[in-house]
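Here's the structure, in structure tokens; my notes come after.
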Amino acid sequence: MTIKRIAHKGTITAGALLCMSAFATSASAADCSIKVGAVLPTSVDWGRPIAEVAQYAVDLANEAGGVSGCDVDLILRDSQVDPKVGVDGAKALVDLDGVQLLLGAVSSGVSMPILTSVAVPSGVMMMSCCSSSTGFTALAQEGKSKGLFFRTFATSGVQAAVGAMVARDKGYNSVAILYKNDDWGQDISKLIAADLESLGITVTTSVALNDAQPSYRAEVTQALKGKPEALYLALYPTEGSAAVREWISLGGTQNMILANSLKSDEFRDNVGLQYLGNATGTDTASPRSESASAFVDLYKAKFGSEPNGPGLSNSFDATLIALLAMHAAGKDASGSEIAAQVANVTDPNGTAVSADAAGFAKATEILSGGGTVMYQGATGNVRFDSFGDVSAPAVTWTFTEAGTKEASYITLEEVDEFMASVN
Amino acid sequence: MIQSLADGILVGAILSLGAIGLTMVMHILRFANFSHAELLSIGAYSALVFDALFSGILPILANKIGPFSMTWALTLSMFCAMGVTGLSAMLIDRFVFKRIREKGDELSMVFASFGVAMIIRNVLGLIFGLKSQLYSNDIVFAVMISSDPMLLIKPDQVFVLLAALLIMLVLHFVLSRTTFGYALRAVAENPSLAEVSGIRLSRVIALVWIIGGCLAAAAGVFYGLNNHINPVIGRDLVLPIFAATIVGGIGSVYGAVLGGFIVGIAANMALLVLPSGYSPAVPFMIILALLLVRPHGLFGEPQT
């Protein structure tokens with residue numbers, strides 16, 4: 001009787017164990033988990049999809065066996081696009097949850113204080129999907145980001161470079177710059193001025209335009225003085241149309257190069273299509289590669305719509321690259337150890353891996369064996385420079401009756417080559 | 001240099017028109033009306049509506065007058081807009097400022113004027129949308145008066161300057177040659193004494209608002225003709241107009257005219273010495289500099 005009972009008990013235990021192990025296999029690596037922090041503006045309408053796509057990338061990674069055999073647990077904090085809230089969130093993630101990897105933030109104005117007051121002091125790696133300010137490049141150049149910061153969003157440098165490229169291809173010898181007097185405008189105007197100078201194109205004047213001024217006549221007169229052959233505009237539509245109307249009526253050239261901010265119907269209608277025949281716009285673009293269309297298919301299958309919002313492909317790549325680097329750095333690696341592995345995940349000489357569950361599994365296997373991989377993601381073959389910046393392909397566009405149309409596509413290689421040649 | 005001076009005078013004419021109305025209201029009612037510049041927006045938008053209406057009814061009116069982008073339809077619209085704006089100014093006073101004047105003090109009036117400004121701005125935004133609009137999409141090319149030194153002038157600017165001067169002249173005669181002008185000055189001097197002498201205070205106040213509104217509407221249309229119209233032009237123009245008023249001396253119509261030109265010229269000339277990023281600070285610097293030397297403005301007198 002006693003023996004029988006024990007035997008019975010044994011069967012139950014064995015059965016339970018069997019059940020559990022079966023469970024463990026299906027959920028791949030349930031015995032441990034690794035926390036990853038994310039600070040994203042989930043409370044704004046365009047921020048939520050960015051966070052959702054990051055979570056989706058984490059799910060894919062977990063499906064493929066997780067990081068170092070552990071499930072990744074993404075802890076999401078809302079930044080509310082507010083630097084204070086963002087820093088609070090990041091601080092809690094680092095101090096309370098002990099994360100070594102932070103994803104985010106979106107706005108440069110939020111990412112910057114998180115980087116300088118949380119990530120760098122705590123030695124945590126930070127990967128932003130969407131911050132474009134060259135302030136991060138400057139910080140990295142000064143060595144103040146300690147190599148902990150990466151981003152999958154191209155800096156304003158790409159657009160400035162393409163603007164300079166247009167000026168060169170059209171054979172303009174002198175260019176005047178009108179720019180919006182904010183962080184973005186100042187940034188891009190300095191960049192394009194430097195690019196133009198190194199191409200031997202004279203920058204006659206660079207004039208800042210403030211928001212909400214009753215008249216831009218004086219500024220435009222200022223820019224007219226050097227009698228430039230072309231005009232570069234880094235403005236928003238409202239002041240852009242006011243300034244360009246003045247410019248044209250005062251006999252300024254109609255050779256114009258426009259930043260993507262002027263890709264607007266308001267600007268086209270107010271200036272008039274008849275004056276915009278020689279205006280060429282610039283913009284960054286997503287790559288025309290298989291891996292980019294693979295992401296579009298993946299996204300459509302998961303979310304049921306085209307990935308049209310800002311920063312979606314960038315967020316996807318940021319997450320997967322960071323997770324692969326984390327895997328390569330091994331269990332319990334510190335932020336700087338993870339950061340050091342990013343180069344091995346985006347090695348142009350490494351084995352090509354795709355950005356899906358199968359690719360992730362293949363990549364983790366190669367990285368565990370000490371090899372390197374070339375990550376081919378939603379934004380193409382991502383490659384960071386020594387300051388954690390990426391480049392991006394670009395397009396030029398012109399205005400048409402219906403809106404705008406693409407004039408030319410400039411591949412990542414061409415952009416990179418050009419940027420290297422002017423710097 | 002010459003170009004900046006010329007542009008300054010032309011911009012100044014628009015500021016002067018706005019400043020005249022403001023200085024009159026500030027003098028008679030003794031409060032800083034921050035909603036005055038919104039009357040320019042009301043004027044500019046009502047002219048836009050009338051313009052579309054007139055051009056629709058009689059397409060011949062949509063032809064341009066000579067080298068200007070002004071059309072007959074817009075000229076007519078401008079007068080209609082002056083009426084609408086004068087009336088709105090009076091109604092705003094009747095429904096907001098009059099009630100507060102009876103119960104509260106000057107500070108309440110100032111705060112109320114901020115509120116009125118925001119309401120007007122946002123209502124215009126709701127009705128017409130936030131994007132910029134134009135009376136005419138055509139760009140009128142400037143005429144080169146001289147090539148060295150460079151001087152380019154748009155025909156519209158000359159038209160605006162002449163029209164503004166004409167309006168000011170008419171106003172000058174009204175103020176100096178009519179009983180209304182005397183009544184106005186009497187009220188400004190001492191409201192109670194004026195009332196005892198048989199002047200109807202409410203009538204004078206209403207007329208001041210109407211005149212202020214008319215001038216603001218003209219300024220709004222001229223501004224729209226030279227630049228563009230959007231719901232925030234009041235916000236963009238309120239500081240230069242205030243600067244013109246304060247520089248000229250509160251209460252002085254001639255001071256306001258001169259103040260407008262000074263601010264316009266200074267803002268244009270400033271770019272010759274200052275980086276363009278600092279141009280919004282120029283009106284403030286003028287106010288500060290002038291108030292240090294003449295605390296009541298160029299033509300102002302200490303109020304009793």
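A note on labels: chains of the structure tokens are A, B, ... as shown, every chain counts residues from 1, and ligands are counted from 1 in their shown order.
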
request  = With a cut-off of 6 Å and counting only C-alpha atoms, select all residues of chain B in contact with chain A and give the selection as a ChimeraX atom specification.
outcome  = /B:139-142,236-237,268,276-277

message = Would you pick out the contacts of Glu401 (chain A) at 10 Å or less, using only C-alpha atoms, so that residues sharing its chain but fewer than 6 positions from it are not included, and give the list as a ChimeraX atom specification?
response = /A:265,268-269,273

Using only C-alpha atoms, which protein or nucleic acid residues come within 7 Å of region 160-168 of chain B? Drop anything in the same chain fewer than 3 positions from it, and give the result as a PDB file with C-alpha atoms, in the first residue's frame.
ATOM      1  CA  LEU B  10       7.374 101.675 -46.096  1.00  0.00           C
ATOM      2  CA  ALA B  13       3.651 103.509 -42.694  1.00  0.00           C
ATOM      3  CA  LEU B  17      -1.689 103.381 -38.992  1.00  0.00           C
ATOM      4  CA  ASP B 156       2.707  98.135 -53.897  1.00  0.00           C
ATOM      5  CA  GLN B 157       4.925  99.689 -51.303  1.00  0.00           C
ATOM      6  CA  LEU B 171      -7.504 112.122 -39.889  1.00  0.00           C
ATOM      7  CA  HIS B 172      -5.453 115.230 -39.236  1.00  0.00           C
ATOM      8  CA  PHE B 222      -1.802  96.934 -46.543  1.00  0.00           C
TER       9      PHE B 222
END

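Straight-line separation from CA of Asp138 (chain B) to CA of Asn227 (chain B): 12.1 Å.
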
query = Quick one: distance from CA of Thr205 (chain A) to CA of Thr155 (chain A) in Å, one decimal?
reply = 23.5 Å

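The strand (DSSP E or B) portion of region 154-244 of chain A consists of Ser174, Val175, Ala176, Ile177, Leu178, Tyr179, Lys180, Thr202, Val203, Thr204, Thr205, Ser206, Val207, Ala208, Leu209, Ala230, Leu231, Tyr232, Leu233 and Ala234 of chain A, with states taken from DSSP on the backbone.
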
query = Can you tell me, as a list in words, what residues are no more than 10 Å from Thr351 (chain A) when counting only C-alpha atoms, ignoring any on the same chain fewer than 5 positions away?
reply = Val345, Thr346, Lys362, Ala363, Ile366, Gly371, Thr372, Val373, Met374, Tyr375 and Gln376 of chain A

Export of the given selection (C-alpha atoms) as a PDB file, in the first residue's frame:
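The resulting file, part-v6.pdb, is shown below:
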ATOM      1  CA  VAL A 345      26.780  43.361 -35.032  1.00  0.00           C
ATOM      2  CA  THR A 346      27.079  45.925 -37.820  1.00  0.00           C
ATOM      3  CA  LYS A 362      21.351  32.928 -36.794  1.00  0.00           C
ATOM      4  CA  ALA A 363      23.063  36.093 -35.566  1.00  0.00           C
ATOM      5  CA  ILE A 366      27.418  33.354 -34.894  1.00  0.00           C
ATOM      6  CA  GLY A 371      32.061  35.731 -35.171  1.00  0.00           C
ATOM      7  CA  THR A 372      30.710  39.009 -36.463  1.00  0.00           C
ATOM      8  CA  VAL A 373      27.541  39.747 -38.412  1.00  0.00           C
ATOM      9  CA  MET A 374      26.304  42.393 -40.798  1.00  0.00           C
ATOM     10  CA  TYR A 375      22.819  43.354 -39.690  1.00  0.00           C
ATOM     11  CA  GLN A 376      20.533  44.052 -42.647  1.00  0.00           C
TER      12      GLN A 376
END

request  = Check the DSSP output for the backbone and give back, as a PyMOL selection string, the residues of region 20-263 of chain B in helix (DSSP H, G or I).
outcome  = chain B and resi 20-29+36-57+59-62+72-103+106-128+155-177+179-189+191-196+201-226+233-248+253-263

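Closest approach to Asn381 (chain A) from the set A:Thr400, A:Ser368, A:Thr319, A:Ser291 is made by A:Ser291, with distances taken over only C-alpha atoms.
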
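Close contacts of region 199-214 of chain B, defined as residues with an atom at most 7 Å away when counting only C-alpha atoms, with chain neighbours fewer than 5 positions off set aside, comprise Gly21, Leu22, Met24, Val25, Leu39, Met82, Gly83, Thr85, Gly86, Leu87, Ala89, Met90, Ala183, Leu184 and Ala194 of chain B.
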
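If you count only C-alpha atoms and ignore residues fewer than 5 places along the chain from Val106 (chain A), what sits within 8 Å of it is Leu40, Pro41, Gly47, Val81, Ser111, Ser128, Cys129, Cys130 and Ser131 of chain A.
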
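Residues within 8 Å of Ala193 (chain A), counting only C-alpha atoms and excluding same-chain residues fewer than 4 positions away, are Ile177, Ser189, Glu197 and Val203 of chain A.
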